[in-house]
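Shown here: my_file-v1.txt, compact mmCIF, C-alpha atoms.
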```txt
# COMPACT_ATOMS: atom_id res chain seq x y z
CA MET A 21 -7.58 22.97 -24.33
CA SER A 22 -9.33 20.54 -21.97
CA LEU A 23 -7.67 18.27 -19.46
CA VAL A 24 -9.36 15.15 -20.84
CA ILE A 25 -6.40 13.10 -22.06
CA GLN A 26 -5.49 10.08 -19.98
CA LEU A 27 -1.84 9.28 -20.61
CA ARG A 28 -0.56 5.76 -21.08
CA PRO A 29 2.21 4.52 -18.75
CA ASN A 30 5.06 4.56 -21.31
CA GLY A 31 7.39 7.48 -20.70
CA LEU A 32 5.50 8.88 -17.72
CA SER A 33 8.62 8.99 -15.54
CA ALA A 34 9.59 12.20 -17.37
CA LEU A 35 6.55 13.91 -15.83
CA THR A 36 7.84 13.48 -12.29
CA ARG A 37 9.72 16.78 -12.67
CA TRP A 38 6.36 18.48 -12.20
CA PHE A 39 6.21 17.08 -8.65
CA PRO A 40 9.29 17.71 -6.46
CA ALA A 41 10.57 14.86 -4.31
CA GLY A 42 10.54 14.98 -0.54
CA PRO A 43 8.51 14.00 2.54
CA ALA A 44 5.19 15.08 1.06
CA VAL A 45 2.04 13.25 0.08
CA SER A 46 2.45 14.52 -3.48
CA ALA A 47 5.86 12.89 -3.91
CA THR A 48 4.78 9.52 -2.53
CA LEU A 49 1.55 9.51 -4.53
CA VAL A 50 3.43 10.08 -7.79
CA GLU A 51 5.95 7.33 -7.06
CA HIS A 52 3.17 5.00 -5.93
CA VAL A 53 1.30 5.42 -9.20
CA LEU A 54 4.48 4.90 -11.23
CA GLY A 55 5.60 1.91 -9.18
CA THR A 56 2.31 0.04 -8.80
CA GLY A 57 0.45 1.02 -11.94
CA THR A 58 -2.58 2.17 -9.97
CA GLY A 59 -4.11 5.58 -10.60
CA ARG A 60 -4.10 7.70 -13.76
CA TRP A 61 -2.10 10.46 -15.41
CA TRP A 62 -3.80 13.36 -17.16
CA ALA A 63 -2.65 16.31 -19.28
CA ASP A 64 -3.98 18.99 -21.59
CA SER A 65 -1.64 17.71 -24.31
CA ALA A 66 0.37 14.55 -24.87
CA LEU A 67 3.19 16.39 -26.63
CA GLN A 68 3.83 19.64 -24.78
CA PRO A 69 1.60 19.67 -21.69
CA GLN A 70 0.98 22.90 -19.84
CA VAL A 71 -1.06 21.18 -17.14
CA VAL A 72 -0.41 17.75 -15.64
CA ALA A 73 -2.42 15.84 -13.05
CA VAL A 74 -2.03 12.46 -11.39
CA SER A 75 -4.88 10.79 -9.54
CA CYS A 76 -5.20 7.78 -7.27
CA ALA A 77 -7.88 6.75 -4.76
CA ASN A 78 -9.79 10.03 -5.14
CA HIS A 79 -6.63 12.03 -4.48
CA VAL A 80 -5.52 14.40 -7.25
CA LEU A 81 -2.33 16.38 -7.72
CA LEU A 82 -2.65 19.27 -10.16
CA ARG A 83 0.24 21.32 -11.50
CA GLY A 84 0.97 23.75 -14.34
CA ASP A 85 -0.71 26.77 -15.88
CA PRO A 86 -4.45 26.97 -15.10
CA HIS A 87 -4.96 29.37 -18.03
CA ALA A 88 -4.47 26.39 -20.34
CA LEU A 89 -7.72 24.84 -19.08
CA ALA A 90 -11.21 25.28 -20.50
CA LEU A 91 -14.29 25.46 -18.33
CA GLY A 92 -15.44 21.97 -17.44
CA SER A 93 -12.07 20.38 -18.15
CA LEU A 94 -11.59 19.32 -14.53
CA ALA A 95 -14.90 17.43 -14.42
CA PRO A 96 -13.15 14.02 -14.05
CA PHE A 97 -11.99 15.19 -10.62
CA ALA A 98 -15.45 15.60 -9.10
CA ASP A 99 -15.89 14.29 -5.55
CA SER A 100 -12.13 14.18 -5.05
CA TYR A 101 -9.43 15.68 -2.87
CA VAL A 102 -7.36 18.03 -5.00
CA GLU A 103 -3.94 19.39 -4.04
CA ALA A 104 -3.01 22.31 -6.27
CA PRO A 105 -1.31 25.72 -6.05
CA SER A 106 -3.61 28.61 -5.17
CA ARG A 107 -3.51 29.87 -8.77
CA PHE A 108 -5.88 27.01 -9.65
CA LEU A 109 -8.61 28.25 -7.28
CA PRO A 110 -10.53 30.25 -9.92
CA VAL A 111 -10.77 27.32 -12.33
CA LEU A 112 -11.58 24.90 -9.50
CA GLY A 113 -14.30 27.21 -8.26
CA ALA A 114 -15.78 27.47 -11.74
CA SER A 115 -15.62 23.71 -12.34
CA PHE A 116 -17.58 22.40 -9.34
CA ASP A 117 -20.65 23.36 -7.37
CA ARG A 118 -18.47 23.58 -4.28
CA ILE A 119 -14.84 23.38 -3.21
CA VAL A 120 -14.06 23.02 0.47
CA PRO A 121 -10.54 23.84 1.68
CA ALA A 122 -9.07 21.63 4.38
CA GLU A 123 -5.86 22.25 6.29
CA ARG A 124 -3.66 19.18 6.41
CA MET A 125 -0.65 18.35 8.56
CA VAL A 126 2.21 16.08 7.46
CA TYR A 127 4.19 14.24 10.12
CA ILE A 128 7.46 12.38 9.63
CA ARG A 129 8.67 9.60 11.91
CA ARG A 130 11.75 10.90 13.63
CA ALA A 131 11.77 9.08 16.97
CA PRO A 132 10.87 5.74 18.49
CA ALA A 133 7.32 5.35 19.74
CA PHE A 134 6.69 7.58 22.74
CA SER A 135 5.63 4.54 24.71
CA PRO A 136 5.52 0.80 24.02
CA ALA A 137 2.37 -0.41 22.34
CA PRO A 138 -0.09 -1.45 25.06
CA ARG A 139 -0.90 -5.11 25.37
CA SER A 140 -3.65 -6.08 22.98
CA PRO A 141 -7.06 -6.96 24.43
CA HIS A 142 -7.76 -10.63 25.13
CA GLY A 143 -8.19 -12.62 21.93
CA VAL A 144 -6.81 -9.89 19.64
CA THR A 145 -3.83 -10.65 17.41
CA VAL A 146 -1.77 -7.90 15.74
CA ARG A 147 0.24 -9.05 12.73
CA PRO A 148 1.19 -8.23 9.13
CA LEU A 149 -1.42 -8.71 6.43
CA VAL A 150 -1.04 -11.68 4.06
CA ARG A 151 -2.78 -12.58 0.81
CA GLU A 152 -5.36 -14.70 2.58
CA ASP A 153 -6.62 -11.63 4.48
CA ALA A 154 -8.30 -10.15 1.40
CA ARG A 155 -11.73 -11.44 2.42
CA ALA A 156 -11.40 -9.96 5.91
CA LEU A 157 -10.43 -6.61 4.40
CA ALA A 158 -13.44 -6.71 2.09
CA ALA A 159 -15.66 -7.43 5.10
CA LEU A 160 -14.81 -3.99 6.50
CA GLY A 161 -17.54 -2.75 4.18
CA PRO A 162 -17.96 0.43 2.15
CA THR A 163 -17.38 2.82 5.06
CA GLU A 164 -13.77 1.70 5.44
CA ALA A 165 -13.16 0.78 1.79
CA TRP A 166 -11.01 3.88 1.36
CA ILE A 167 -8.21 2.17 3.29
CA HIS A 168 -7.45 -0.21 0.40
CA ALA A 169 -8.45 2.08 -2.49
CA SER A 170 -4.86 3.03 -3.30
CA TRP A 171 -4.10 -0.68 -3.87
CA GLU A 172 -7.13 -1.18 -6.13
CA GLY A 173 -9.05 -3.14 -3.53
CA PRO A 174 -8.69 -5.67 -0.70
CA ALA A 175 -6.71 -8.21 -2.70
CA GLY A 176 -4.14 -5.62 -3.73
CA LEU A 177 -3.53 -4.42 -0.19
CA ALA A 178 -3.46 -7.95 1.23
CA ALA A 179 -0.78 -8.97 -1.28
CA SER A 180 1.27 -5.76 -1.04
CA GLY A 181 3.31 -6.66 2.04
CA CYS A 182 2.59 -3.12 3.26
CA GLY A 183 -0.09 -3.58 5.89
CA TRP A 184 -0.69 -4.60 9.51
CA ALA A 185 -3.99 -5.40 11.18
CA ALA A 186 -5.53 -6.32 14.52
CA PHE A 187 -7.74 -9.43 14.30
CA HIS A 188 -10.36 -10.92 16.59
CA LYS A 189 -11.87 -14.24 15.53
CA GLY A 190 -11.00 -13.53 11.91
CA ARG A 191 -12.49 -10.04 11.93
CA ILE A 192 -10.27 -7.03 11.28
CA LEU A 193 -10.62 -4.39 13.98
CA THR A 194 -7.86 -2.04 12.86
CA VAL A 195 -5.72 -1.86 9.74
CA ALA A 196 -2.66 0.31 9.15
CA CYS A 197 -1.03 0.35 5.75
CA THR A 198 1.25 2.20 3.40
CA TYR A 199 -1.24 4.24 1.43
CA PHE A 200 1.24 5.70 -1.06
CA ARG A 201 4.62 3.98 -1.39
CA GLY A 202 7.58 6.07 -2.48
CA SER A 203 11.24 5.18 -2.91
CA VAL A 204 12.30 7.14 0.20
CA TYR A 205 9.08 7.79 2.11
CA GLU A 206 5.92 5.77 2.68
CA ASP A 207 2.75 7.68 3.46
CA ILE A 208 0.70 5.60 5.89
CA ALA A 209 -2.98 5.46 6.82
CA CYS A 210 -4.95 3.76 9.57
CA ALA A 211 -8.61 2.84 10.12
CA THR A 212 -10.37 1.28 13.11
CA VAL A 213 -13.94 -0.05 13.14
CA PRO A 214 -16.17 2.25 15.24
CA ASP A 215 -16.97 -0.26 18.00
CA ARG A 216 -13.32 -1.03 18.79
CA ARG A 217 -11.80 2.42 19.08
CA ARG A 218 -9.90 3.65 22.16
CA GLU A 219 -8.27 0.23 22.61
CA HIS A 220 -4.84 1.38 21.36
CA LEU A 221 -5.04 -1.03 18.42
CA ALA A 222 -4.05 1.69 15.95
CA HIS A 223 -0.88 2.36 17.96
CA ALA A 224 0.07 -1.32 17.83
CA CYS A 225 -0.58 -1.64 14.08
CA VAL A 226 1.22 1.60 13.20
CA THR A 227 4.23 0.61 15.33
CA GLY A 228 4.53 -2.74 13.56
CA LEU A 229 4.10 -1.13 10.14
CA CYS A 230 6.76 1.50 10.87
CA ALA A 231 9.23 -1.21 11.85
CA ASP A 232 8.67 -2.88 8.47
CA ILE A 233 9.06 0.45 6.65
CA ALA A 234 12.35 1.10 8.44
CA ALA A 235 13.52 -2.42 7.54
CA ARG A 236 12.85 -1.55 3.89
CA GLY A 237 15.19 1.42 4.28
CA ARG A 238 12.41 4.01 4.04
CA THR A 239 10.85 6.56 6.37
CA ALA A 240 7.19 6.67 7.36
CA ILE A 241 5.12 9.83 7.02
CA LEU A 242 1.55 10.40 8.13
CA SER A 243 -0.90 13.10 7.08
CA CYS A 244 -4.17 14.09 8.71
CA SER A 245 -6.61 16.94 9.08
CA ARG A 246 -5.68 19.74 11.47
CA ASP A 247 -8.98 19.01 13.23
CA ASP A 248 -8.34 15.26 13.60
CA ARG A 249 -7.16 15.20 17.20
CA ALA A 250 -7.11 11.40 17.41
CA SER A 251 -4.77 11.05 14.42
CA ARG A 252 -2.51 13.83 15.68
CA LEU A 253 -2.22 12.09 19.05
CA LEU A 254 -1.51 8.78 17.34
CA ALA A 255 1.22 10.42 15.26
CA TRP A 256 2.90 11.89 18.32
CA THR A 257 2.81 8.73 20.43
CA ALA A 258 4.10 6.65 17.48
CA GLY A 259 7.18 8.85 17.10
CA PHE A 260 6.06 11.22 14.33
CA ARG A 261 6.85 14.92 14.38
CA LEU A 262 5.29 17.74 12.37
CA GLN A 263 7.06 18.39 9.06
CA ARG A 264 4.82 20.74 7.09
CA GLU A 265 1.26 21.92 6.53
CA TYR A 266 -0.70 22.35 3.32
CA VAL A 267 -4.23 22.88 2.02
CA ARG A 268 -6.20 20.55 -0.21
CA TYR A 269 -9.65 21.03 -1.68
CA ALA A 270 -12.64 18.69 -1.58
CA THR A 271 -14.58 19.07 -4.81
CA GLY A 272 -18.29 18.64 -5.38
CA ARG A 273 -20.25 17.93 -8.52
CA PRO A 274 -19.26 19.36 -11.92
CA THR A 275 -21.03 22.56 -12.85
CA ALA A 276 -21.00 21.80 -16.60
CA LEU A 277 -24.20 20.18 -17.87
CA ARG A 278 -22.44 18.23 -20.60
CA LEU A 279 -19.05 16.80 -19.73
CA PRO A 280 -16.26 15.92 -22.16
CA ARG A 281 -15.70 12.20 -22.51
CA PRO A 282 -12.11 11.21 -21.61
CA ARG A 283 -10.02 9.93 -24.48
CA VAL A 284 -6.81 7.95 -24.21
CA SER A 285 -3.68 9.17 -25.92
CA LEU A 286 -2.09 6.43 -27.97
CA HIS A 287 1.30 8.11 -28.01
CA ALA A 288 1.55 9.87 -24.67
CA GLU A 289 5.26 9.25 -24.46
CA ASP A 290 6.05 11.25 -27.58
CA GLY A 291 7.63 14.58 -26.85
CA ILE A 292 7.43 14.27 -23.05
```
Let's see the structure in the file written out as structure tokens.
Amino acid sequence: MSLVIQLRPNGLSALTRWFPAGPAVSATLVEHVLGTGTGRWWADSALQPQVVAVSCANHVLLRGDPHALALGSLAPFADSYVEAPSRFLPVLGASFDRIVPAERMVYIRRAPAFSPAPRSPHGVTVRPLVREDARALAALGPTEAWIHASWEGPAGLAASGCGWAAFHKGRILTVACTYFRGSVYEDIACATVPDRRREHLAHACVTGLCADIAARGRTAILSCSRDDRASRLLAWTAGFRLQREYVRYATGRPTALRLPRPRVSLHAEDGI
């Protein structure tokens, strides 16, 4: 059976049992997709699935029995970041021309910021994002477009009430936002334009965002690559402490020459 069925939203909350709750990217991604309607759900069967996946912003969570999958069934997840148990490695390896493992670190905010946010450079304003900032977010260009991908674009992030940014003459220099919003935890992300790094703008934006998250009664978490020294330092100075580590896999192009075309289940809620 191929994992080519995209499930409709009705009844999807029953599938959350496949993804345990807690301070993990997987838990917040699942809740984000359910709560915002972004992303997609996939399964090998609408009635009695043996494999379930949820995807959003090129991030994929994969759970279940890999023996239920046919070769080429994971083709929709090309050029993505896949988090899956190690038992999926054989089918992942057979599905793409490359899979690259990456060690990730998850931090949880447990303390106040290590130091107050430094004063912003002259002419720079740090504040929450509002709807009218969508154009400035879009102006970040394709290199930084990933920062608003989980909100389906600049307008979605600007209207979400879940972002802070540093502005100079209407231009965004740094943006920090809730990337995946859960009911208990919010997984945050931050991006700074290359020519304005090392000005502590990320610290200021993350500190403001974390205050908003706390006011919503939730806890901020932050994940980054083990090799990303800048993000690890930002996490520490902003009051985050290491919670857990995991491995995700960057996928390449599908190896199958002819790919199955996704079909949408009209009754995905039945029997789930």
(message) The residues within 10 Å of (-3.7, 1.8, 1.1), using all atoms listed in the file and the coordinates of the file, should be reported as number ranges by chain; which are they?
(response) A: 77, 165-174, 176-178, 180, 182-183, 195-201, 207-210
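Minimum distance to Cys244 in chain A across A:Arg216, A:Arg124, A:Arg155, A:His52 (counting all atoms listed in the file) occurs at A:Arg124.
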(request) Pick out the closest residue to Gly92 in chain A from this set: A:Ala159, A:Val80, A:Ala114, A:Ala224. Count all atoms listed in the file. (result) A:Ala114
Please determine an axis-aligned box that encloses all atoms of range 254-257 of chain A listed in the file, with 6 Å added on each side, and express its centre and edge lengths in Å to one decimal as lines of an AutoDock Vina configuration file.
```
center_x = 0.7
center_y = 10.3
center_z = 17.8
size_x = 16.4
size_y = 15.2
size_z = 17.2
```
(message) If I take CA of Phe116 in chain A and CA of Thr271 in chain A, how far is one from the other in Å, to one decimal?
(response) 6.4 Å
(message) List the spatial neighbours of Val150 in chain A as a VMD selection string - criterion: any atom at most 7 Å away, only C-alpha atoms, same-chain residues fewer than 3 positions off excluded.
(response) chain A and resid 153 178 to 179 181
(message) Env of Trp184 in chain A: 6 Å cut, atoms = only C-alpha atoms, seq-sep filter 2 positions within chain, self excluded. Answer as a ChimeraX atom specification.
(response) /A:147-149,195-196,225,229
(message) Report, in Å with one decimal, the straight-line distance from CA of Gly202 in chain A to CA of Val53 in chain A.
(response) 9.2 Å
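Taking CA of Ser115 in chain A and CA of Arg264 in chain A as endpoints, the distance between them is 28.4 Å.
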(request) List the neighbours of Ala270 in chain A out to 7 Å using only C-alpha atoms; skip same-chain residues closer than 2 positions along the sequence, and give me the result as a PyMOL selection string. (result) chain A and resi 99-102+119-121+268+272
(request) Please provide as a PyMOL selection string all residues within 12 Å of Trp256 in chain A, with the sequence filter that same-chain residues fewer than 3 positions apart are discarded (counting all atoms listed in the file). (result) chain A and resi 126-135+223+226-227+241-243+249-253+259-262
(request) Go through A:Thr56, A:Leu91, A:Trp61, A:Thr48 one by one, measure the shortest atom-to-atom distance of each to Thr239 in chain A using all atoms listed in the file, and give the residue with the smallest value. (result) A:Thr48
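Using all atoms listed in the file, the contacts of His87 in chain A at a cut-off of 10 Å, with sequence neighbours closer than 6 positions omitted, comprise Met21, Gln70, Val71, Arg107, Phe108, Pro110 and Val111 of chain A.
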